[in-house]
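Engineer: One structure coming up, written as structure tokens, with questions to follow.
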Amino acid sequence: ASQLIHCSNLYHNQWAPRLASEIVEATIAAYPQGMQGIYAATASGRSPARVFFSNSGTEANEGALKFARKYGKLVAESGVLGKGTSEALRGDPNLKCGIVSFTGGFHGRSMGALSVTANPKYQKPFTPLIPGVQTAKYNDTGEIGAFIDERTCAVIVEPIQGEGGIHAAQVEFLRALRRRCDQVGALLIYDEIQCGLGRSGKLWAHQLYPEDCSPDMLTMAKPLANGIPIGAILVSDKVAEEIKVGEHGTTFGGNPLACRVGCTVMEHIAQPEFLEHVQAAGQVLDQELKQALAPFMGSTVVELRGTGLLRGIQFSSDPTPVIDRARDHGLLLVGAGGNTVRLVPPLNTRLADIKRGAAIIADCVTQ
């Protein structure tokens, strides 16, 4: 911060490419079995993925949707989707512009990201939203074929939903999305802004799943620079190759300060020992919550969900009083969809603090 906070993106700074390399290398190293999407090998031997920086999560998602729209046009113009469909799309490549998102998802508050966030609370004041967006039911494989077709350019989904109430995608659901996207020439986007970067106990939440669930693009933000504003899109080579200089840009994205901090953060989070701590802490949190809330299960408490240090407690009614009482006792909680309290403690939380937090929650539920 005492050297250089920002410079024009007309000029090179050493930290942006270094952070991009660290993100790509750490991602591949953490998931050596990956072969599709951002892990797909390139004929030239080049890195299988590249990074575009932004300032926030919503901006990262906007960029991913933009890239998908352009890629969709290229697929339409290429004529690879079967004779009848190809002829129609070649006549008007703009027809391949559909975007599919899912119930319970949250992707941001700017116009494109808001349009794929299927929550009336956020959307209604700002309608009409961008056209071409459809909402399918999360974890319902039966709807995939009806919603995702040859006119779809992108599917955006959270492997583990945060705002929606801490719901994890089923393996068969993500696998079916990957398969269907390949069939119709659409891109699969994973929004890991909340569930990624160690939160699940893996570097990325999708790395909890088999290799045939891998995305074409992955968005990240919140923890990447430990509070300094930043966002990023990890993009497969086949997509990055089609984005030309000047087609996408950002004034402050990739600035030296945020990227320098990001390098330090990535070095810590990507360490196996650090991720092992998150896994162990998550197990302790799960055990402590189950023990502390056992008397209330089936009545006041409906269900405990989550993995790693991303946990949810679903209540039978509005949990706001519990959240308020916890704050008065020094514990900060946040609500989520479906009467759920969301627990997202710092990744370096001490086990003693986890136990204390679970005890406070139990006391607040009792009251």
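Convention: chains lettered A, B, ... in structure tokens order; per-chain residue numbering from 1; ligands numbered from 1 as shown.
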Which polymer residues have any atom within 7 Å of an atom of range 329-342 of chain A, counting only C-alpha atoms, with same-chain residues fewer than 2 positions away left out, as a ChimeraX atom specification?
Structural biologist: /A:163-165,311-319,323,325-327,344,357
Engineer: Please save all heavy atoms of the selected residues as a compact mmCIF listing (two decimals), in the first residue's frame.
Structural biologist:
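Produced file again-v5.txt, reproduced below:
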```txt
# COMPACT_ATOMS: atom_id res chain seq x y z
N GLU A 163 -26.90 -17.87 0.41
CA GLU A 163 -28.08 -17.04 0.67
C GLU A 163 -29.36 -17.85 0.64
O GLU A 163 -30.31 -17.56 1.38
CB GLU A 163 -28.15 -15.92 -0.39
CG GLU A 163 -29.36 -15.03 -0.32
CD GLU A 163 -29.24 -13.94 0.74
OE1 GLU A 163 -28.12 -13.73 1.25
OE2 GLU A 163 -30.27 -13.31 1.03
N GLY A 164 -29.40 -18.89 -0.18
CA GLY A 164 -30.61 -19.70 -0.31
C GLY A 164 -30.89 -20.61 0.87
O GLY A 164 -31.96 -21.23 0.92
N GLY A 165 -29.93 -20.73 1.81
CA GLY A 165 -30.20 -21.54 2.99
C GLY A 165 -29.24 -22.69 3.22
O GLY A 165 -29.56 -23.64 3.93
N ARG A 311 -22.20 -23.48 7.31
CA ARG A 311 -23.22 -24.28 7.98
C ARG A 311 -24.53 -23.50 8.07
O ARG A 311 -24.53 -22.27 8.12
CB ARG A 311 -22.75 -24.64 9.40
CG ARG A 311 -21.47 -25.47 9.43
CD ARG A 311 -21.71 -26.93 9.10
NE ARG A 311 -20.45 -27.65 8.92
CZ ARG A 311 -20.38 -28.97 8.81
NH1 ARG A 311 -21.48 -29.71 8.89
NH2 ARG A 311 -19.21 -29.56 8.63
N GLY A 312 -25.61 -24.26 8.12
CA GLY A 312 -26.92 -23.66 8.25
C GLY A 312 -27.76 -24.38 9.29
O GLY A 312 -27.72 -25.61 9.39
N ILE A 313 -28.51 -23.61 10.07
CA ILE A 313 -29.47 -24.17 11.03
C ILE A 313 -30.84 -23.71 10.58
O ILE A 313 -31.16 -22.52 10.64
CB ILE A 313 -29.20 -23.67 12.46
CG1 ILE A 313 -27.75 -23.90 12.87
CG2 ILE A 313 -30.16 -24.33 13.44
CD1 ILE A 313 -27.36 -23.21 14.17
N GLN A 314 -31.67 -24.64 10.13
CA GLN A 314 -33.01 -24.29 9.70
C GLN A 314 -33.96 -24.39 10.89
O GLN A 314 -34.06 -25.42 11.55
CB GLN A 314 -33.51 -25.18 8.57
CG GLN A 314 -34.89 -24.77 8.06
CD GLN A 314 -35.38 -25.63 6.91
OE1 GLN A 314 -34.65 -26.46 6.39
NE2 GLN A 314 -36.61 -25.42 6.50
N PHE A 315 -34.68 -23.29 11.14
CA PHE A 315 -35.64 -23.25 12.23
C PHE A 315 -37.06 -23.42 11.69
O PHE A 315 -37.32 -23.25 10.50
CB PHE A 315 -35.52 -21.92 12.98
CG PHE A 315 -34.27 -21.81 13.82
CD1 PHE A 315 -33.06 -21.43 13.25
CD2 PHE A 315 -34.30 -22.10 15.17
CE1 PHE A 315 -31.90 -21.33 14.02
CE2 PHE A 315 -33.15 -22.01 15.95
CZ PHE A 315 -31.95 -21.63 15.37
N SER A 316 -37.97 -23.74 12.58
CA SER A 316 -39.37 -23.94 12.18
C SER A 316 -40.10 -22.62 12.00
O SER A 316 -41.20 -22.59 11.44
CB SER A 316 -40.09 -24.79 13.23
OG SER A 316 -40.01 -24.19 14.51
N SER A 317 -39.49 -21.52 12.45
CA SER A 317 -40.09 -20.19 12.30
C SER A 317 -38.97 -19.17 12.12
O SER A 317 -37.78 -19.52 12.16
CB SER A 317 -40.96 -19.85 13.51
OG SER A 317 -40.21 -19.87 14.70
N ASP A 318 -39.33 -17.93 11.98
CA ASP A 318 -38.36 -16.86 11.75
C ASP A 318 -37.29 -16.84 12.85
O ASP A 318 -37.61 -16.68 14.03
CB ASP A 318 -39.10 -15.52 11.72
CG ASP A 318 -38.18 -14.33 11.44
OD1 ASP A 318 -36.99 -14.56 11.16
OD2 ASP A 318 -38.67 -13.19 11.52
N PRO A 319 -36.01 -16.99 12.49
CA PRO A 319 -34.95 -17.06 13.51
C PRO A 319 -34.39 -15.71 13.93
O PRO A 319 -33.39 -15.67 14.65
CB PRO A 319 -33.88 -17.90 12.81
CG PRO A 319 -34.01 -17.51 11.37
CD PRO A 319 -35.48 -17.28 11.14
N ILE A 323 -30.99 -14.63 16.23
CA ILE A 323 -29.88 -13.83 15.70
C ILE A 323 -29.65 -12.61 16.58
O ILE A 323 -28.50 -12.26 16.90
CB ILE A 323 -30.18 -13.42 14.24
CG1 ILE A 323 -30.23 -14.67 13.34
CG2 ILE A 323 -29.13 -12.43 13.74
CD1 ILE A 323 -30.69 -14.38 11.93
N ARG A 325 -30.51 -12.19 19.82
CA ARG A 325 -29.98 -12.58 21.13
C ARG A 325 -28.51 -12.97 21.04
O ARG A 325 -27.70 -12.64 21.93
CB ARG A 325 -30.80 -13.73 21.72
CG ARG A 325 -32.18 -13.32 22.22
CD ARG A 325 -32.81 -14.40 23.08
NE ARG A 325 -33.22 -15.56 22.30
CZ ARG A 325 -34.43 -15.73 21.79
NH1 ARG A 325 -35.36 -14.81 21.97
NH2 ARG A 325 -34.74 -16.83 21.12
N ALA A 326 -28.14 -13.66 19.96
CA ALA A 326 -26.73 -14.06 19.79
C ALA A 326 -25.84 -12.82 19.69
O ALA A 326 -24.74 -12.79 20.26
CB ALA A 326 -26.59 -14.93 18.55
N ARG A 327 -26.30 -11.82 18.97
CA ARG A 327 -25.51 -10.58 18.86
C ARG A 327 -25.31 -9.94 20.23
O ARG A 327 -24.22 -9.44 20.55
CB ARG A 327 -26.20 -9.61 17.91
CG ARG A 327 -25.40 -8.32 17.67
CD ARG A 327 -26.05 -7.41 16.65
NE ARG A 327 -27.38 -6.98 17.10
CZ ARG A 327 -28.52 -7.36 16.54
NH1 ARG A 327 -28.51 -8.19 15.51
NH2 ARG A 327 -29.67 -6.93 16.99
N VAL A 344 -20.87 -18.68 9.05
CA VAL A 344 -19.70 -18.59 8.17
C VAL A 344 -18.52 -18.00 8.96
O VAL A 344 -18.08 -16.88 8.71
CB VAL A 344 -19.99 -17.74 6.91
CG1 VAL A 344 -20.76 -18.54 5.89
CG2 VAL A 344 -20.78 -16.47 7.25
N GLY A 357 -19.11 -20.61 20.50
CA GLY A 357 -20.18 -20.12 19.64
C GLY A 357 -21.38 -21.05 19.63
O GLY A 357 -22.54 -20.60 19.68
```
Engineer: Please provide as a PyMOL selection string all residues within 12 Å of Leu10 in chain A, with the sequence filter that same-chain residues fewer than 4 positions apart are discarded (counting only C-alpha atoms).
Structural biologist: chain A and resi 6+245-246+249-252+254-255
Engineer: Find the residues of range 191-266 of chain A that sit at most 12 Å from range 30-44 of chain A; for each, write down the nearest two atoms and how far apart they are in Å, to one decimal. Count only C-alpha atoms. Sort by chain, then by number going up, and give it as CSV.
Structural biologist:
```
residue,atom,partner,partner_atom,distance
A:Leu197,CA,A:Ala30,CA,11.3
A:Gly198,CA,A:Ala30,CA,11.0
A:Gly201,CA,A:Ala30,CA,11.5
A:Lys202,CA,A:Ala30,CA,8.0
A:Leu203,CA,A:Ala30,CA,6.9
A:Trp204,CA,A:Ala30,CA,8.7
A:Ala205,CA,A:Tyr31,CA,11.1
A:His206,CA,A:Tyr31,CA,9.7
A:Gln207,CA,A:Tyr31,CA,6.5
A:Leu208,CA,A:Tyr31,CA,9.5
A:Tyr209,CA,A:Tyr31,CA,10.2
A:Pro210,CA,A:Gly34,CA,8.5
A:Glu211,CA,A:Gly34,CA,5.1
A:Asp212,CA,A:Gln36,CA,6.9
A:Cys213,CA,A:Gln36,CA,8.1
A:Ser214,CA,A:Gly37,CA,5.8
A:Pro215,CA,A:Gly37,CA,5.1
A:Asp216,CA,A:Gly37,CA,4.2
A:Met217,CA,A:Ile38,CA,6.6
A:Leu218,CA,A:Ile38,CA,8.2
A:Thr219,CA,A:Ile38,CA,11.7
A:Ile233,CA,A:Ile38,CA,10.8
A:Leu234,CA,A:Ile38,CA,7.4
A:Val235,CA,A:Ile38,CA,6.2
A:Ser236,CA,A:Ile38,CA,4.1
A:Asp237,CA,A:Ile38,CA,7.1
A:Lys238,CA,A:Gly37,CA,8.5
A:Val239,CA,A:Ile38,CA,9.4
A:Ala240,CA,A:Ile38,CA,10.3
A:Glu241,CA,A:Thr42,CA,11.1
```
Engineer: Name the residues in contact with range 288-291 of chain A at a cut-off of 12 Å, using only C-alpha atoms, excluding same-chain residues fewer than 6 positions from it; report them as a VMD selection string.
Structural biologist: chain A and resid 281 to 282 297 301 to 306 311 to 313 343 351 to 363 365
Engineer: Quick one: DSSP alpha helix (DSSP H) residues in range 40-249 of chain A, as a ChimeraX atom specification?
Structural biologist: /A:57-78,83-91,111-115,120-123,144-147,171-184,237-240
Engineer: Taking the chain letters and numbering used in this document, name the residues of range 149-297 of chain A that DSSP puts in strand (DSSP E or B), as a list of chain:residue names.
Structural biologist: A:Thr152, A:Cys153, A:Ala154, A:Val155, A:Ile156, A:Val157, A:Ile160, A:Gln161, A:His167, A:Ala168, A:Leu187, A:Leu188, A:Ile189, A:Tyr190, A:Asp191, A:Met217, A:Leu218, A:Thr219, A:Met220, A:Gly231, A:Ala232, A:Ile233, A:Leu234, A:Val235, A:Ser236, A:Met297
Engineer: List the spatial neighbours of Leu74 in chain A as a tab-separated table (two decimals) with N, CA and C atoms, in the first residue's frame - criterion: any atom at most 12 Å away, only C-alpha atoms, same-chain residues fewer than 6 positions off excluded.
Structural biologist:
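Listing of out.tsv after writing:
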```tsv
chain	number	residue	atom	x	y	z
A	67	PHE	N	-19.15	-13.28	-21.18
A	67	PHE	CA	-18.34	-14.23	-21.93
A	67	PHE	C	-19.20	-15.33	-22.52
A	68	ALA	N	-20.18	-15.77	-21.75
A	68	ALA	CA	-21.06	-16.84	-22.24
A	68	ALA	C	-21.89	-16.38	-23.42
A	80	VAL	N	-22.45	-26.55	-35.27
A	80	VAL	CA	-22.09	-27.86	-34.71
A	80	VAL	C	-23.25	-28.54	-33.99
A	81	LEU	N	-24.42	-27.94	-33.99
A	81	LEU	CA	-25.50	-28.45	-33.15
A	81	LEU	C	-26.57	-29.24	-33.89
A	86	SER	N	-28.70	-25.81	-36.33
A	86	SER	CA	-27.58	-25.00	-36.82
A	86	SER	C	-28.03	-23.99	-37.86
A	89	LEU	N	-29.83	-21.13	-36.02
A	89	LEU	CA	-28.94	-20.29	-35.24
A	89	LEU	C	-27.95	-19.53	-36.11
A	90	ARG	N	-27.54	-20.14	-37.20
A	90	ARG	CA	-26.65	-19.42	-38.11
A	90	ARG	C	-27.35	-18.20	-38.69
A	92	ASP	N	-29.49	-16.37	-37.21
A	92	ASP	CA	-29.52	-15.34	-36.18
A	92	ASP	C	-28.80	-15.85	-34.94
A	93	PRO	N	-27.47	-15.68	-34.88
A	93	PRO	CA	-26.69	-16.18	-33.75
A	93	PRO	C	-27.15	-15.62	-32.40
A	94	ASN	N	-27.85	-14.48	-32.43
A	94	ASN	CA	-28.33	-13.90	-31.18
A	94	ASN	C	-29.37	-14.79	-30.50
A	95	LEU	N	-29.91	-15.75	-31.25
A	95	LEU	CA	-30.89	-16.65	-30.65
A	95	LEU	C	-30.27	-17.53	-29.56
A	96	LYS	N	-28.97	-17.78	-29.65
A	96	LYS	CA	-28.32	-18.60	-28.61
A	96	LYS	C	-27.86	-17.68	-27.48
A	97	CYS	N	-28.83	-17.23	-26.71
A	97	CYS	CA	-28.53	-16.23	-25.67
A	97	CYS	C	-29.15	-16.60	-24.33
A	153	CYS	N	-27.01	-20.41	-23.73
A	153	CYS	CA	-25.56	-20.15	-23.82
A	153	CYS	C	-24.87	-20.38	-22.48
A	185	GLY	N	-23.91	-27.19	-26.30
A	185	GLY	CA	-22.93	-26.13	-26.53
A	185	GLY	C	-23.08	-24.94	-25.61
A	186	ALA	N	-23.51	-25.18	-24.36
A	186	ALA	CA	-23.64	-24.12	-23.36
A	186	ALA	C	-22.48	-24.20	-22.38
A	238	LYS	N	-10.81	-22.64	-23.74
A	238	LYS	CA	-11.64	-22.54	-24.94
A	238	LYS	C	-12.48	-21.27	-24.93
A	239	VAL	N	-12.83	-20.80	-23.75
A	239	VAL	CA	-13.58	-19.55	-23.64
A	239	VAL	C	-12.65	-18.35	-23.69
A	241	GLU	N	-9.86	-17.97	-25.08
A	241	GLU	CA	-9.33	-17.75	-26.42
A	241	GLU	C	-10.22	-16.85	-27.27
A	242	GLU	N	-11.51	-16.83	-26.96
A	242	GLU	CA	-12.46	-16.07	-27.77
A	242	GLU	C	-12.70	-14.65	-27.26
A	243	ILE	N	-12.15	-14.31	-26.11
A	243	ILE	CA	-12.33	-12.97	-25.56
A	243	ILE	C	-11.13	-12.12	-25.96
```
Engineer: Restricting the calculation to only C-alpha atoms: of A:Ile160, A:Ile228, A:Ala113, A:Val51, which residue gets closest to Gly196 in chain A?
Structural biologist: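 Residue with the minimum atom-to-atom distance to Gly196 in chain A: A:Ile160.
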Engineer: Hey, what's within 12 Å of Ala176 in chain A if we count only C-alpha atoms and toss same-chain stuff fewer than 3 positions away? As a ChimeraX atom specification, please?
Structural biologist: /A:139-145,148,155,169-173,179-183,188,212-214
Engineer: Report the distance between CA of Gly227 in chain A and CA of Thr103 in chain A in Å, rounded to one decimal place.
Structural biologist: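 About the pair CA of Gly227 in chain A and CA of Thr103 in chain A: they are 28.6 Å apart.
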Engineer: Would you mind listing, for every residue of range 21-99 of chain A within 8 Å of range 256-275 of chain A, the two atoms forming the shortest contact and the distance between them in Å to one decimal, using only C-alpha atoms, sorted by chain and ascending residue number, as a Markdown table?
Structural biologist:
```
| residue | atom | partner | partner_atom | distance |
| --- | --- | --- | --- | --- |
| A:Glu22 | CA | A:Met266 | CA | 7.1 |
| A:Ile23 | CA | A:Met266 | CA | 7.1 |
| A:Ala26 | CA | A:Ala270 | CA | 6.2 |
| A:Ala30 | CA | A:Ala270 | CA | 7.9 |
```
Engineer: Write a file of the selected residues as a PDB file, in the first residue's frame, keeping N, CA and C atoms.
Structural biologist:
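Once written, again_22.pdb looks like this:
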```
ATOM      1  N   GLU A  22      -1.099 -18.055  -9.584  1.00  0.00           N
ATOM      2  CA  GLU A  22      -1.288 -18.785  -8.338  1.00  0.00           C
ATOM      3  C   GLU A  22      -2.679 -19.414  -8.266  1.00  0.00           C
ATOM      4  N   ILE A  23      -3.687 -18.706  -8.741  1.00  0.00           N
ATOM      5  CA  ILE A  23      -5.051 -19.247  -8.726  1.00  0.00           C
ATOM      6  C   ILE A  23      -5.133 -20.476  -9.615  1.00  0.00           C
ATOM      7  N   ALA A  26      -2.851 -23.407  -8.185  1.00  0.00           N
ATOM      8  CA  ALA A  26      -3.404 -23.999  -6.960  1.00  0.00           C
ATOM      9  C   ALA A  26      -4.656 -24.815  -7.269  1.00  0.00           C
ATOM     10  N   ALA A  30      -4.852 -28.841  -6.603  1.00  0.00           N
ATOM     11  CA  ALA A  30      -5.808 -29.343  -5.614  1.00  0.00           C
ATOM     12  C   ALA A  30      -6.770 -30.371  -6.186  1.00  0.00           C
TER      13      ALA A  30
END
```
Engineer: I want to know what sits within 12 Å of range 121-124 of chain A, based on only C-alpha atoms, with residues of the same chain fewer than 2 positions away left out; could you give that as a ChimeraX atom specification?
Structural biologist: /A:104-119,126-130,163,337
Engineer: Figure out the distance between CA of Val24 in chain A and CA of Leu177 in chain A, please, to one decimal in Å.
Structural biologist: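 These atoms are spaced 23.2 Å apart.
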